[in-house]
file input_21.txt (compact mmCIF, C-alpha atoms)
# COMPACT_ATOMS: atom_id res chain seq x y z
CA MET H 893 64.62 -1.62 115.67
CA ALA H 894 62.94 -4.95 116.30
CA GLU H 895 59.71 -4.34 118.21
CA ARG H 896 57.38 -6.79 119.78
CA LEU H 897 53.76 -6.56 120.82
CA TYR H 898 53.19 -7.92 124.29
CA ASN H 899 49.73 -9.03 125.34
CA ARG H 900 47.89 -10.01 128.50
CA LEU H 901 45.10 -11.75 126.65
CA LEU H 902 45.59 -15.13 128.35
CA ALA H 903 45.65 -13.59 131.83
CA ILE H 904 42.57 -11.42 131.25
CA ARG H 905 40.66 -14.21 129.50
CA THR H 906 41.26 -16.68 132.35
CA GLU H 907 40.48 -13.95 134.88
CA ARG H 908 37.07 -13.61 133.18
CA GLY H 909 36.60 -17.40 133.26
CA LEU H 910 36.50 -17.73 129.49
CA THR H 911 37.90 -20.55 127.40
CA GLN H 912 39.62 -19.87 124.08
CA ALA H 913 36.54 -21.25 122.33
CA GLY H 914 34.27 -19.03 124.40
CA LEU H 915 36.24 -15.91 123.55
CA ALA H 916 36.42 -16.99 119.91
CA GLU H 917 32.63 -17.26 119.86
CA LEU H 918 32.22 -13.79 121.39
CA VAL H 919 34.60 -12.22 118.90
CA GLY H 920 33.57 -14.28 115.86
CA VAL H 921 36.94 -15.78 115.01
CA SER H 922 38.43 -19.26 115.16
CA ARG H 923 39.99 -20.67 118.32
CA LYS H 924 43.29 -20.81 116.44
CA THR H 925 43.21 -17.04 116.05
CA ILE H 926 42.79 -16.56 119.80
CA ASN H 927 45.57 -19.08 120.43
CA THR H 928 48.04 -17.49 118.01
CA VAL H 929 47.36 -13.99 119.38
CA GLU H 930 47.80 -15.20 122.98
CA ASN H 931 51.10 -16.85 122.12
CA GLY H 932 52.39 -13.83 120.25
CA ILE H 933 52.59 -15.72 116.96
CA PHE H 934 50.08 -13.44 115.27
CA ILE H 935 49.75 -9.68 115.69
CA PRO H 936 46.05 -8.85 115.36
CA SER H 937 44.65 -6.02 113.28
CA THR H 938 43.30 -2.94 115.05
CA LEU H 939 39.80 -4.20 114.32
CA LEU H 940 40.41 -7.55 115.99
CA ALA H 941 42.23 -5.93 118.92
CA LEU H 942 39.23 -3.67 119.51
CA LYS H 943 36.80 -6.59 119.24
CA LEU H 944 38.86 -8.55 121.78
CA ALA H 945 38.91 -5.56 124.13
CA ARG H 946 35.17 -5.11 123.83
CA ALA H 947 34.49 -8.82 124.39
CA LEU H 948 36.65 -8.79 127.52
CA GLY H 949 35.28 -5.45 128.75
CA ARG H 950 38.73 -3.88 129.04
CA PRO H 951 40.48 -1.02 127.23
CA VAL H 952 42.68 -2.22 124.41
CA GLU H 953 45.78 -0.86 126.20
CA ASP H 954 45.15 -3.40 128.99
CA LEU H 955 45.38 -6.21 126.46
CA PHE H 956 48.28 -5.07 124.32
CA SER H 957 51.40 -3.07 125.06
CA LEU H 958 54.83 -2.35 123.68
CA GLU H 959 56.43 -3.17 127.01
CA PRO H 960 56.25 -6.53 128.79
CA ASP H 961 53.89 -6.93 131.71
CA PRO H 962 55.91 -5.98 134.87
CA GLN H 963 54.37 -8.99 136.68
CA GLU H 964 55.95 -11.30 134.13
CA LEU H 965 59.45 -9.84 134.50
CA MET X 814 27.91 -17.77 115.35
CA THR X 815 27.90 -20.72 117.75
CA LEU X 816 30.42 -23.01 119.39
CA SER X 817 29.32 -25.70 117.00
CA ASP X 818 30.16 -23.39 114.06
CA ILE X 819 33.63 -22.88 115.55
CA GLU X 820 34.16 -26.62 115.94
CA THR X 821 32.87 -27.30 112.42
CA ALA X 822 35.14 -24.58 110.99
CA GLU X 823 38.15 -25.96 112.86
CA ARG X 824 37.49 -29.47 111.60
CA HIS X 825 37.10 -28.32 108.00
CA ALA X 826 40.10 -25.98 108.20
CA ARG X 827 42.27 -28.84 109.45
CA THR X 828 41.01 -31.15 106.72
CA ARG X 829 41.67 -28.41 104.15
CA SER X 830 45.24 -28.02 105.37
CA LEU X 831 45.89 -31.77 105.34
CA ILE X 832 44.49 -32.11 101.82
CA MET X 833 46.63 -29.16 100.70
CA ALA X 834 49.74 -30.79 102.19
CA VAL X 835 49.02 -34.06 100.40
CA MET X 836 48.26 -32.24 97.14
CA ALA X 837 51.52 -30.30 97.40
CA VAL X 838 53.43 -33.59 97.55
CA VAL X 839 51.45 -35.01 94.63
CA LEU X 840 52.06 -31.89 92.51
CA LEU X 841 55.76 -31.90 93.37
CA ILE X 842 56.10 -35.53 92.34
CA LEU X 843 54.17 -34.88 89.12
CA GLY X 844 56.12 -31.69 88.42
CA LEU X 845 59.58 -33.01 89.15
CA LEU X 846 59.28 -36.55 87.85
CA GLY X 847 57.33 -35.42 84.82
CA TRP X 848 53.66 -35.60 84.08
CA ARG X 849 54.26 -35.49 80.39
CA GLU X 850 52.08 -36.77 77.66
CA ASP X 851 54.80 -39.17 76.47
CA ALA X 852 55.18 -40.50 80.03
CA SER X 853 51.54 -41.40 80.21
CA SER X 854 49.52 -44.01 78.44
CA MET X 855 46.47 -41.72 78.65
CA ASP X 856 45.13 -39.81 75.73
CA ALA X 857 47.25 -36.62 75.44
CA ARG X 858 44.28 -34.24 75.36
CA LEU X 859 42.76 -35.86 78.43
CA CYS X 860 46.13 -35.58 80.19
CA HIS X 861 46.43 -31.85 79.35
CA GLY X 862 42.83 -31.24 80.38
CA MET X 863 43.18 -33.01 83.71
CA TRP X 864 46.34 -31.09 84.49
CA ALA X 865 44.72 -27.74 83.64
CA VAL X 866 41.62 -28.54 85.72
CA THR X 867 43.81 -29.57 88.67
CA ILE X 868 45.85 -26.36 88.51
CA LEU X 869 42.76 -24.15 88.12
CA PHE X 870 41.02 -25.95 90.98
CA TRP X 871 43.89 -25.35 93.41
CA LEU X 872 44.28 -21.77 92.24
CA LEU X 873 40.60 -21.29 93.07
CA ILE X 874 41.11 -22.85 96.50
CA LEU X 875 44.11 -20.58 97.14
CA ALA X 876 42.12 -17.53 96.03
CA THR X 877 38.89 -18.21 97.92
CA GLY X 878 39.76 -20.61 100.72
CA GLY X 879 37.38 -23.12 99.12
CA TRP X 880 34.67 -25.14 100.83
CA LEU X 881 32.07 -22.89 99.22
CA LYS X 882 29.16 -25.20 100.10
CA LEU X 883 29.50 -24.56 103.82
CA SER X 884 27.46 -21.93 105.60
CA ARG X 885 28.62 -18.32 105.46
CA ASP X 886 29.43 -18.26 109.19
CA VAL X 887 31.59 -21.39 109.01
CA ARG X 888 33.41 -20.11 105.92
CA ARG X 889 34.03 -16.78 107.65
CA LEU X 890 35.57 -18.62 110.59
CA MET X 891 37.67 -20.79 108.29
CA ASN X 892 38.91 -17.67 106.49
CA ASP X 893 39.39 -15.38 109.46
CA GLU X 894 42.27 -12.96 110.00
CA VAL X 895 44.92 -15.59 110.73
CA ALA X 896 43.86 -17.77 107.79
CA LEU X 897 43.99 -14.75 105.45
CA ALA X 898 47.45 -13.81 106.74
CA ASN X 899 48.59 -17.40 106.22
CA ARG X 900 47.16 -17.38 102.71
CA ALA X 901 48.97 -14.12 101.92
CA ALA X 902 52.22 -15.66 103.19
CA ALA X 903 51.57 -18.76 101.05
CA LEU X 904 51.00 -16.65 97.93
CA GLN X 905 54.22 -14.76 98.68
CA THR X 906 56.06 -18.08 98.89
CA GLY X 907 54.51 -19.05 95.57
CA PHE X 908 55.69 -15.81 93.97
CA TRP X 909 59.30 -16.25 95.10
CA THR X 910 59.28 -19.91 94.09
CA ALA X 911 58.03 -18.97 90.61
CA MET X 912 60.69 -16.28 90.17
CA LEU X 913 63.59 -18.43 91.35
CA LEU X 914 62.41 -21.53 89.52
CA GLY X 915 61.88 -19.45 86.38
CA LEU X 916 65.51 -18.35 86.57
CA ALA X 917 66.64 -21.92 87.20
CA ILE X 918 64.67 -23.24 84.22
CA TYR X 919 66.02 -20.44 82.02
CA PHE X 920 69.63 -21.36 82.76
CA ALA X 921 68.88 -25.09 82.66
CA SER X 922 67.49 -24.59 79.14
CA LEU X 923 70.93 -23.32 78.03
CA GLU X 924 72.39 -26.72 78.87
CA TRP X 925 69.52 -29.09 78.25
CA THR X 926 66.60 -29.11 75.88
CA ILE X 927 63.48 -28.17 77.78
CA SER X 928 60.31 -27.60 75.82
CA LEU X 929 58.21 -24.55 76.63
CA ARG X 930 55.36 -26.80 77.72
CA GLU X 931 57.60 -28.85 79.98
CA GLY X 932 59.11 -25.74 81.55
CA LEU X 933 55.74 -24.15 82.19
CA ARG X 934 54.41 -27.35 83.67
CA ILE X 935 57.30 -27.70 86.10
CA LEU X 936 57.02 -24.01 87.01
CA THR X 937 53.27 -24.19 87.63
CA ASP X 938 53.29 -27.47 89.54
CA VAL X 939 56.17 -26.54 91.84
CA THR X 940 54.88 -23.00 92.41
CA ILE X 941 51.42 -24.14 93.46
CA ALA X 942 52.91 -26.96 95.52
CA SER X 943 55.09 -24.48 97.39
CA ALA X 944 52.13 -22.19 98.12
CA LEU X 945 49.94 -25.10 99.25
CA SER X 946 52.63 -26.59 101.49
CA ARG X 947 53.42 -23.21 103.09
CA TYR X 948 49.74 -22.63 103.79
CA ALA X 949 49.32 -26.14 105.23
CA TRP X 950 52.40 -25.75 107.40
CA LEU X 951 51.29 -22.37 108.75
CA GLU X 952 47.79 -23.66 109.49
CA LEU X 953 48.84 -26.92 111.10
CA ARG X 954 51.75 -25.69 113.24

call {"tool": "encode", "arguments": {"input": "input_21.txt", "output": "structure tokens"}}
result
Amino acid sequence: MAERLYNRLLAIRTERGLTQAGLAELVGVSRKTINTVENGIFIPSTLLALKLARALGRPVEDLFSLEPDPQEL
Amino acid sequence: MTLSDIETAERHARTRSLIMAVMAVVLLILGLLGWREDASSMDARLCHGMWAVTILFWLLILATGGWLKLSRDVRRLMNDEVALANRAAALQTGFWTAMLLGLAIYFASLEWTISLREGLRILTDVTIASALSRYAWLELR
């Protein structure tokens, strides 16, 4: 079964008033990494997902899910 | 880690990818058109040495990400999770290229005379070129 990881990283990042570079600096990765995760090109490791959640002050389940965000449907 | 580190890492990572793309084309041309000692006016030993150094250099870049003189923070940003995943994908491409090209050279040698040295050179050049170009493409997309 083809599964996809949905994420709300872009929405939560902009809600917090952070740029991709700003979030990259907080997490300690490149801006490209933030960009590819936001666009669903790259599925982050558990470690990176947890770092992103911590940097954004949200539980990791808020950022990533197996179902699409109902608001986007 | 600062914003300036991130910008520096991005600049160097982009340069690295562009150089890899150019090098892939150069290696393909040399590998396919023949960088043989009889095709060169250079001293044969110098020609072999330069080829070996070139291959070892790019193997080292593929293995480490290169740019070793930069600060640890910048190198860590240049070789973060996405870059490592891209490198793994590039090495996978290199593996499949080597296997398929090896088969092709094997069967080609039944029809045409291909020296061991020539075959290995084509195999090495094209394999590294494929890995470099895949990495560059993944990084620059």

call {"tool": "closest_residue", "arguments": {"input": "input_21.txt", "among": "H:Asn899, H:Val929, H:Val921, H:Ile904", "to": "Arg950 of chain H", "atoms": "all atoms listed in the file"}}
result
H:Ile904

call {"tool": "closest_atom_pairs", "arguments": {"input": "input_21.txt", "of": "chain H", "to": "chain X", "cutoff": "9 Å", "atoms": "all atoms listed in the file", "output": "JSON lines"}}
result
{"residue": "H:Ala913", "atom": "CA", "partner": "X:Leu816", "partner_atom": "CA", "distance": 7.0}
{"residue": "H:Gly914", "atom": "CA", "partner": "X:Leu816", "partner_atom": "CA", "distance": 7.5}
{"residue": "H:Ala916", "atom": "CA", "partner": "X:Ile819", "partner_atom": "CA", "distance": 7.8}
{"residue": "H:Glu917", "atom": "CA", "partner": "X:Leu816", "partner_atom": "CA", "distance": 6.2}
{"residue": "H:Leu918", "atom": "CA", "partner": "X:Met814", "partner_atom": "CA", "distance": 8.4}
{"residue": "H:Gly920", "atom": "CA", "partner": "X:Met814", "partner_atom": "CA", "distance": 6.7}
{"residue": "H:Val921", "atom": "CA", "partner": "X:Leu890", "partner_atom": "CA", "distance": 5.4}
{"residue": "H:Ser922", "atom": "CA", "partner": "X:Leu890", "partner_atom": "CA", "distance": 5.4}
{"residue": "H:Arg923", "atom": "CA", "partner": "X:Ile819", "partner_atom": "CA", "distance": 7.3}
{"residue": "H:Lys924", "atom": "CA", "partner": "X:Val895", "partner_atom": "CA", "distance": 7.9}
{"residue": "H:Thr925", "atom": "CA", "partner": "X:Val895", "partner_atom": "CA", "distance": 5.8}
{"residue": "H:Thr928", "atom": "CA", "partner": "X:Val895", "partner_atom": "CA", "distance": 8.1}
{"residue": "H:Phe934", "atom": "CA", "partner": "X:Val895", "partner_atom": "CA", "distance": 7.2}
{"residue": "H:Pro936", "atom": "CA", "partner": "X:Glu894", "partner_atom": "CA", "distance": 7.7}
{"residue": "H:Ser937", "atom": "CA", "partner": "X:Glu894", "partner_atom": "CA", "distance": 8.0}
{"residue": "H:Leu940", "atom": "CA", "partner": "X:Glu894", "partner_atom": "CA", "distance": 8.3}

call {"tool": "atom_distance", "arguments": {"input": "input_21.txt", "atom1": "atom CA of Met833 of chain X", "atom2": "atom CA of Ala949 of chain X"}}
result
6.1 Å

call {"tool": "residues_around", "arguments": {"input": "input_21.txt", "residues": "Ile935 of chain X", "least_positions_apart": "2", "cutoff": "9 Å", "atoms": "all atoms listed in the file", "output": "list in words"}}
result
Leu841, Leu843, Gly844, Leu845, Gly847, Trp848, Leu914, Ile918, Arg930, Glu931, Gly932, Leu933, Thr937, Asp938, Val939 and Thr940 of chain X

call {"tool": "residues_around", "arguments": {"input": "input_21.txt", "residues": "Asp954 of chain H", "least_positions_apart": "4", "cutoff": "12 Å", "atoms": "all atoms listed in the file", "output": "ChimeraX atom specification"}}
result
/H:898-905,941-942,944-946,948-950,958-961

call {"tool": "closest_residue", "arguments": {"input": "input_21.txt", "among": "X:Leu872, X:Ile842, X:Ala944, X:Leu859", "to": "Arg900 of chain X", "atoms": "all atoms listed in the file"}}
result
X:Ala944

call {"tool": "residues_around", "arguments": {"input": "input_21.txt", "residues": "Ala834 of chain X", "least_positions_apart": "6", "cutoff": "12 Å", "atoms": "all atoms listed in the file", "output": "PyMOL selection string"}}
result
chain X and resi 827-828+840-841+871+941-953

call {"tool": "write_last_selection", "arguments": {"input": "input_21.txt", "atoms": "C-alpha atoms", "output": "tab-separated table (two decimals), in the frame of the given file"}}
result
chain	number	residue	atom	x	y	z
X	827	ARG	CA	42.27	-28.84	109.45
X	828	THR	CA	41.01	-31.15	106.72
X	840	LEU	CA	52.06	-31.89	92.51
X	841	LEU	CA	55.76	-31.90	93.37
X	871	TRP	CA	43.89	-25.35	93.41
X	941	ILE	CA	51.42	-24.14	93.46
X	942	ALA	CA	52.91	-26.96	95.52
X	943	SER	CA	55.09	-24.48	97.39
X	944	ALA	CA	52.13	-22.19	98.12
X	945	LEU	CA	49.94	-25.10	99.25
X	946	SER	CA	52.63	-26.59	101.49
X	947	ARG	CA	53.42	-23.21	103.09
X	948	TYR	CA	49.74	-22.63	103.79
X	949	ALA	CA	49.32	-26.14	105.23
X	950	TRP	CA	52.40	-25.75	107.40
X	951	LEU	CA	51.29	-22.37	108.75
X	952	GLU	CA	47.79	-23.66	109.49
X	953	LEU	CA	48.84	-26.92	111.10
